[in-house]
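Next comes structure_29.cif, a file with mmCIF, C-alpha atoms.
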```
data_work
#
loop_
_atom_site.group_PDB
_atom_site.id
_atom_site.type_symbol
_atom_site.label_atom_id
_atom_site.label_comp_id
_atom_site.auth_asym_id
_atom_site.auth_seq_id
_atom_site.Cartn_x
_atom_site.Cartn_y
_atom_site.Cartn_z
ATOM 1 C CA MET A 207 7.016 -34.161 57.912
ATOM 2 C CA LYS A 208 3.979 -32.239 59.159
ATOM 3 C CA LEU A 209 5.689 -29.015 58.127
ATOM 4 C CA ASN A 210 6.149 -30.321 54.565
ATOM 5 C CA LYS A 211 2.464 -31.334 54.363
ATOM 6 C CA LEU A 212 1.417 -27.960 55.730
ATOM 7 C CA LEU A 213 3.603 -26.135 53.199
ATOM 8 C CA THR A 214 2.252 -28.304 50.360
ATOM 9 C CA VAL A 215 -1.371 -27.620 51.356
ATOM 10 C CA ALA A 216 -0.624 -23.900 51.656
ATOM 11 C CA ALA A 217 1.084 -23.874 48.241
ATOM 12 C CA ILE A 218 -1.898 -25.642 46.639
ATOM 13 C CA ALA A 219 -4.330 -23.219 48.282
ATOM 14 C CA VAL A 220 -2.344 -20.186 47.112
ATOM 15 C CA SER A 221 -2.083 -21.657 43.587
ATOM 16 C CA GLY A 222 -5.830 -22.215 43.506
ATOM 17 C CA MET A 223 -6.508 -18.643 44.557
ATOM 18 C CA LEU A 224 -4.093 -17.296 41.922
ATOM 19 C CA ILE A 225 -5.664 -19.393 39.172
ATOM 20 C CA ALA A 226 -9.179 -18.370 40.233
ATOM 21 C CA SER A 227 -8.237 -14.676 40.344
ATOM 22 C CA CYS A 228 -6.664 -14.839 36.866
ATOM 23 C CA SER A 229 -9.623 -16.452 35.146
ATOM 24 C CA ARG A 230 -11.036 -14.441 32.276
ATOM 25 C CA GLN A 231 -14.682 -13.857 31.567
ATOM 26 C CA VAL A 232 -15.955 -12.742 28.157
ATOM 27 C CA THR A 233 -19.421 -11.328 27.622
ATOM 28 C CA ARG A 234 -20.911 -10.504 24.232
ATOM 29 C CA LEU A 235 -22.231 -6.954 23.903
ATOM 30 C CA SER A 236 -24.337 -5.078 21.427
ATOM 31 C CA THR A 237 -22.140 -2.998 19.103
ATOM 32 C CA ASP A 238 -24.560 -0.105 19.663
ATOM 33 C CA GLU A 239 -23.987 -0.181 23.422
ATOM 34 C CA THR A 240 -21.693 2.492 24.825
ATOM 35 C CA ILE A 241 -19.115 1.173 27.273
ATOM 36 C CA ASP A 242 -16.210 3.477 28.017
ATOM 37 C CA ILE A 243 -13.549 1.685 30.066
ATOM 38 C CA SER A 244 -10.381 3.682 29.471
ATOM 39 C CA GLY A 245 -11.700 7.081 28.458
ATOM 40 C CA ASN A 246 -9.850 6.736 25.138
ATOM 41 C CA TRP A 247 -11.393 7.001 21.672
ATOM 42 C CA ASN A 248 -13.600 3.951 21.099
ATOM 43 C CA ASN A 249 -16.161 2.461 18.713
ATOM 44 C CA SER A 250 -18.994 4.531 20.199
ATOM 45 C CA ASP A 251 -17.063 7.744 19.574
ATOM 46 C CA SER A 252 -16.294 6.682 16.014
ATOM 47 C CA ARG A 253 -19.900 5.754 15.300
ATOM 48 C CA MET A 254 -21.296 8.950 16.875
ATOM 49 C CA VAL A 255 -18.891 11.251 15.032
ATOM 50 C CA ALA A 256 -19.424 9.499 11.692
ATOM 51 C CA ALA A 257 -23.223 9.672 12.048
ATOM 52 C CA ASP A 258 -23.181 13.370 12.966
ATOM 53 C CA LEU A 259 -20.753 14.464 10.245
ATOM 54 C CA THR A 260 -22.348 12.287 7.581
ATOM 55 C CA ASP A 261 -25.744 13.791 8.347
ATOM 56 C CA LYS A 262 -24.275 17.287 8.072
ATOM 57 C CA ILE A 263 -22.411 16.687 4.806
ATOM 58 C CA LEU A 264 -25.325 14.950 3.079
ATOM 59 C CA ASN A 265 -27.766 17.699 4.006
ATOM 60 C CA ALA A 266 -25.555 20.650 3.107
ATOM 61 C CA ASN A 267 -26.149 22.963 0.119
ATOM 62 C CA TRP A 268 -23.118 21.817 -1.896
ATOM 63 C CA ILE A 269 -25.039 18.836 -3.310
ATOM 64 C CA ASN A 270 -27.852 21.022 -4.682
ATOM 65 C CA THR A 271 -25.331 23.505 -6.061
ATOM 66 C CA HIS A 272 -23.460 20.717 -7.834
ATOM 67 C CA GLN A 273 -26.636 19.291 -9.339
ATOM 68 C CA GLU A 274 -27.767 22.727 -10.555
ATOM 69 C CA GLU A 275 -24.410 23.244 -12.277
ATOM 70 C CA HIS A 276 -24.267 19.708 -13.778
ATOM 71 C CA GLN A 277 -27.780 19.026 -15.145
ATOM 72 C CA GLY A 278 -28.938 17.133 -12.050
ATOM 73 C CA LYS A 279 -26.024 14.667 -11.958
ATOM 74 C CA LYS A 280 -25.028 13.316 -8.550
ATOM 75 C CA PRO A 281 -21.603 14.438 -7.339
ATOM 76 C CA VAL A 282 -18.835 11.823 -7.375
ATOM 77 C CA VAL A 283 -16.861 11.736 -4.119
ATOM 78 C CA ILE A 284 -13.615 10.064 -3.144
ATOM 79 C CA VAL A 285 -12.713 9.739 0.539
ATOM 80 C CA GLY A 286 -9.103 10.685 1.056
ATOM 81 C CA PHE A 287 -6.905 10.536 4.118
ATOM 82 C CA VAL A 288 -8.223 11.231 7.626
ATOM 83 C CA GLN A 289 -5.081 11.944 9.635
ATOM 84 C CA ASN A 290 -4.777 11.012 13.284
ATOM 85 C CA LYS A 291 -3.147 13.969 15.060
ATOM 86 C CA SER A 292 -4.401 12.936 18.481
ATOM 87 C CA HIS A 293 -2.346 11.844 21.479
ATOM 88 C CA GLU A 294 -3.378 8.185 21.106
ATOM 89 C CA HIS A 295 -3.446 5.517 18.431
ATOM 90 C CA ILE A 296 -6.712 5.824 16.493
ATOM 91 C CA ASP A 297 -7.401 3.744 13.423
ATOM 92 C CA ALA A 298 -9.502 6.108 11.336
ATOM 93 C CA GLU A 299 -10.572 3.378 8.910
ATOM 94 C CA THR A 300 -13.665 2.353 10.909
ATOM 95 C CA PHE A 301 -14.761 5.988 10.970
ATOM 96 C CA VAL A 302 -14.087 6.384 7.233
ATOM 97 C CA LYS A 303 -16.026 3.195 6.438
ATOM 98 C CA ASP A 304 -19.047 4.498 8.367
ATOM 99 C CA VAL A 305 -18.976 7.683 6.271
ATOM 100 C CA GLU A 306 -18.588 5.765 2.997
ATOM 101 C CA SER A 307 -21.430 3.437 3.946
ATOM 102 C CA ALA A 308 -23.734 6.400 4.578
ATOM 103 C CA PHE A 309 -22.808 7.877 1.187
ATOM 104 C CA ILE A 310 -23.844 4.656 -0.544
ATOM 105 C CA GLN A 311 -26.991 4.056 1.521
ATOM 106 C CA THR A 312 -28.445 7.529 0.972
ATOM 107 C CA GLN A 313 -27.706 7.492 -2.786
ATOM 108 C CA LYS A 314 -27.208 11.281 -2.673
ATOM 109 C CA VAL A 315 -23.644 10.998 -3.960
ATOM 110 C CA ARG A 316 -21.645 8.478 -5.966
ATOM 111 C CA LEU A 317 -18.545 7.035 -4.299
ATOM 112 C CA VAL A 318 -15.335 5.966 -6.043
ATOM 113 C CA GLN A 319 -12.407 4.026 -4.619
ATOM 114 C CA GLY A 320 -9.209 5.755 -3.678
ATOM 115 C CA GLY A 321 -5.746 4.971 -2.402
ATOM 116 C CA LYS A 322 -4.525 1.378 -2.182
ATOM 117 C CA LYS A 323 -7.886 -0.068 -3.207
ATOM 118 C CA ARG A 324 -7.865 1.941 -6.419
ATOM 119 C CA GLU A 325 -4.333 0.709 -7.142
ATOM 120 C CA GLU A 326 -5.481 -2.876 -6.570
ATOM 121 C CA LEU A 327 -8.355 -2.363 -9.030
ATOM 122 C CA ARG A 328 -5.958 -0.978 -11.622
ATOM 123 C CA ALA A 329 -3.613 -3.922 -11.121
ATOM 124 C CA GLU A 330 -6.540 -6.288 -11.709
ATOM 125 C CA LYS A 331 -7.403 -4.448 -14.953
ATOM 126 C CA ALA A 332 -3.779 -4.727 -16.038
ATOM 127 C CA ASP A 333 -3.806 -8.462 -15.324
ATOM 128 C CA GLN A 334 -7.000 -8.888 -17.340
ATOM 129 C CA GLN A 335 -5.343 -7.368 -20.402
ATOM 130 C CA THR A 336 -3.281 -10.542 -20.818
ATOM 131 C CA ASN A 337 -5.258 -13.181 -18.916
ATOM 132 C CA ALA A 338 -8.968 -12.553 -19.612
ATOM 133 C CA THR A 339 -11.037 -13.097 -22.724
ATOM 134 C CA VAL A 340 -11.482 -10.036 -24.912
ATOM 135 C CA SER A 341 -15.233 -9.984 -24.255
ATOM 136 C CA SER A 342 -14.831 -9.979 -20.446
ATOM 137 C CA MET A 343 -11.721 -7.773 -20.190
ATOM 138 C CA LYS A 344 -12.214 -4.424 -18.426
ATOM 139 C CA LYS A 345 -10.667 -1.491 -20.259
ATOM 140 C CA PHE A 346 -8.424 1.273 -18.944
ATOM 141 C CA GLY A 347 -9.523 4.893 -19.103
ATOM 142 C CA LEU A 348 -13.183 4.330 -18.216
ATOM 143 C CA GLU A 349 -13.086 5.116 -14.477
ATOM 144 C CA SER A 350 -15.453 7.694 -13.035
ATOM 145 C CA GLY A 351 -13.425 10.712 -12.049
ATOM 146 C CA ALA A 352 -14.199 12.180 -8.643
ATOM 147 C CA ASP A 353 -15.637 15.687 -8.464
ATOM 148 C CA TYR A 354 -14.825 16.104 -4.759
ATOM 149 C CA ILE A 355 -12.394 14.724 -2.196
ATOM 150 C CA LEU A 356 -13.223 14.402 1.517
ATOM 151 C CA GLN A 357 -10.228 14.766 3.842
ATOM 152 C CA GLY A 358 -9.803 15.414 7.513
ATOM 153 C CA SER A 359 -8.093 14.998 10.837
ATOM 154 C CA ILE A 360 -8.719 13.737 14.356
ATOM 155 C CA ASN A 361 -7.200 15.962 17.038
ATOM 156 C CA SER A 362 -7.120 15.813 20.811
ATOM 157 C CA ILE A 363 -6.220 17.888 23.852
ATOM 158 C CA VAL A 364 -5.620 16.323 27.262
ATOM 159 C CA ASP A 365 -5.868 18.301 30.484
ATOM 160 C CA ALA A 366 -4.736 16.144 33.405
ATOM 161 C CA HIS A 367 -3.968 16.650 37.069
ATOM 162 C CA LYS A 368 -3.253 13.839 39.517
ATOM 163 C CA ARG A 369 -5.984 11.229 39.039
ATOM 164 C CA GLN A 370 -8.318 13.315 36.893
ATOM 165 C CA LYS A 371 -8.241 14.234 33.241
ATOM 166 C CA VAL A 372 -10.409 15.744 30.566
ATOM 167 C CA VAL A 373 -9.860 14.459 27.035
ATOM 168 C CA TYR A 374 -11.156 16.666 24.265
ATOM 169 C CA TYR A 375 -11.447 15.265 20.716
ATOM 170 C CA GLN A 376 -12.195 17.263 17.612
ATOM 171 C CA VAL A 377 -12.770 15.673 14.202
ATOM 172 C CA ASN A 378 -12.572 18.025 11.228
ATOM 173 C CA LEU A 379 -13.618 17.121 7.686
ATOM 174 C CA GLU A 380 -13.291 19.200 4.525
ATOM 175 C CA LEU A 381 -14.835 18.572 1.118
ATOM 176 C CA THR A 382 -12.896 20.092 -1.758
ATOM 177 C CA ASN A 383 -13.812 20.504 -5.420
ATOM 178 C CA ILE A 384 -10.994 18.677 -7.219
ATOM 179 C CA GLN A 385 -11.266 20.785 -10.387
ATOM 180 C CA THR A 386 -11.136 24.198 -8.700
ATOM 181 C CA ASN A 387 -9.564 23.402 -5.276
ATOM 182 C CA GLU A 388 -12.519 25.257 -3.744
ATOM 183 C CA VAL A 389 -13.512 24.045 -0.284
ATOM 184 C CA VAL A 390 -17.275 23.546 -0.560
ATOM 185 C CA TRP A 391 -18.012 22.164 2.912
ATOM 186 C CA ILE A 392 -16.329 22.057 6.323
ATOM 187 C CA GLY A 393 -17.660 20.144 9.292
ATOM 188 C CA GLU A 394 -16.496 19.372 12.782
ATOM 189 C CA LYS A 395 -17.597 17.246 15.707
ATOM 190 C CA LYS A 396 -16.331 17.648 19.253
ATOM 191 C CA ILE A 397 -16.349 15.141 22.116
ATOM 192 C CA ALA A 398 -15.210 15.812 25.688
ATOM 193 C CA LYS A 399 -14.652 13.095 28.307
ATOM 194 C CA TYR A 400 -14.002 13.454 32.019
ATOM 195 C CA VAL A 401 -11.981 10.557 33.417
ATOM 196 C CA LYS A 402 -11.347 10.044 37.148
ATOM 197 C CA ASN A 403 -9.177 7.182 38.445
#
```
I need this file expressed as structure tokens, please.
Amino acid sequence: MKLNKLLTVAAIAVSGMLIASCSRQVTRLSTDETIDISGNWNNSDSRMVAADLTDKILNANWINTHQEEHQGKKPVVIVGFVQNKSHEHIDAETFVKDVESAFIQTQKVRLVQGGKKREELRAEKADQQTNATVSSMKKFGLESGADYILQGSINSIVDAHKRQKVVYYQVNLELTNIQTNEVVWIGEKKIAKYVKN
């Protein structure tokens, strides 16, 4: 009988310790704060790379050259595909959105939709042809054509030995004149991280 009580008390104590050790704590952080837990690509890397490359592209000579050749008109840019060629899963959309946001905020270039969003806009126009009033219907063939397309890739190299590794990321972007296929700007940003377990 005493043995059963002792085992019950011990089981309750062990259960309590397990529950206490498994409790989760969540703390809100500033999105500008850099916290690197795993050593993998994170929001700070994305933000830093986007800020650096956006600054470079918006202050490069291609904008002035375009305006000189087109009576001062702002270039129209479409952001194409940024391919993840790295060793880990990276969703490039947050990076791309940071770049697009900078394009709009600086007002140095005009930005047009591409990819699936453009197709959704065209589907909406098609729907309006039969379901909207004639005065509010948006017409086909009036889109702004892009002068340039921005494309790129995210690459990585991992050098690891035992419990140490160095992860090297390189983001490359290229801006191409759609009419001539001429590459008018190339930029890159590199990040290296030392991780010790």
Can you measure atom CA of Ala352 of chain A to atom CA of Ile284 of chain A for me? One decimal in Å is fine.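 If I compute the distance from atom CA of Ala352 of chain A to atom CA of Ile284 of chain A, I get 5.9 Å.
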Take the PyMOL selection byres ((chain A and resi 316) around 12), run it mentally on this structure, and tell me the resulting residues as a PyMOL selection string. chain A and resi 264+269+279-285+306-315+317-319+350-355
Can you translate the PyMOL selection byres ((chain A and resi 301) around 12) into the concrete residues it hits in this file, as a PyMOL selection string? chain A and resi 247-260+285+287-290+296-300+302-308+358-360+377+379
Tell me, in Å to one decimal, how far atom CA of Ile241 of chain A is from atom CA of Ser292 of chain A. 20.8 Å
Select, counting all atoms listed in the file, all protein, DNA and RNA residues no farther than 9 Å from (-10.2, 4.6, 30.3) in file coordinates, and express the selection as a PyMOL selection string. chain A and resi 242-246+401-403
Compute the distance from (-11.9, 15.5, 19.9) to each atom, counting all atoms listed in the file, keep the residues with any atom at most 9 Å away, and return them as a CSV table (one decimal) with C-alpha atoms, in the frame of the given file; use the coordinates of the file.
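And here is the file that came out, result.csv:
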```
chain,number,residue,atom,x,y,z
A,247,TRP,CA,-11.4,7.0,21.7
A,292,SER,CA,-4.4,12.9,18.5
A,360,ILE,CA,-8.7,13.7,14.4
A,361,ASN,CA,-7.2,16.0,17.0
A,362,SER,CA,-7.1,15.8,20.8
A,363,ILE,CA,-6.2,17.9,23.9
A,373,VAL,CA,-9.9,14.5,27.0
A,374,TYR,CA,-11.2,16.7,24.3
A,375,TYR,CA,-11.4,15.3,20.7
A,376,GLN,CA,-12.2,17.3,17.6
A,377,VAL,CA,-12.8,15.7,14.2
A,395,LYS,CA,-17.6,17.2,15.7
A,396,LYS,CA,-16.3,17.6,19.3
A,397,ILE,CA,-16.3,15.1,22.1
A,398,ALA,CA,-15.2,15.8,25.7
```
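Our summary of the geometry notes that atom CA of Ile392 of chain A is positioned 23.0 Å from atom CA of His293 of chain A.
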With 3 Å of padding per side, what axis-aligned box (centre and edge lengths, Å, one decimal) covers all the listed atoms of segment 304-311 of chain A? Give it as lines of an AutoDock Vina configuration file.
```
center_x = -22.8
center_y = 5.7
center_z = 3.9
size_x = 14.4
size_y = 10.4
size_z = 14.9
```
Find the residues near Lys345 of chain A: any atom within 9 Å, counting all atoms listed in the file, skip ones fewer than 3 places away on the same chain, and give them as number ranges by chain. A: 331-332, 334-335, 348
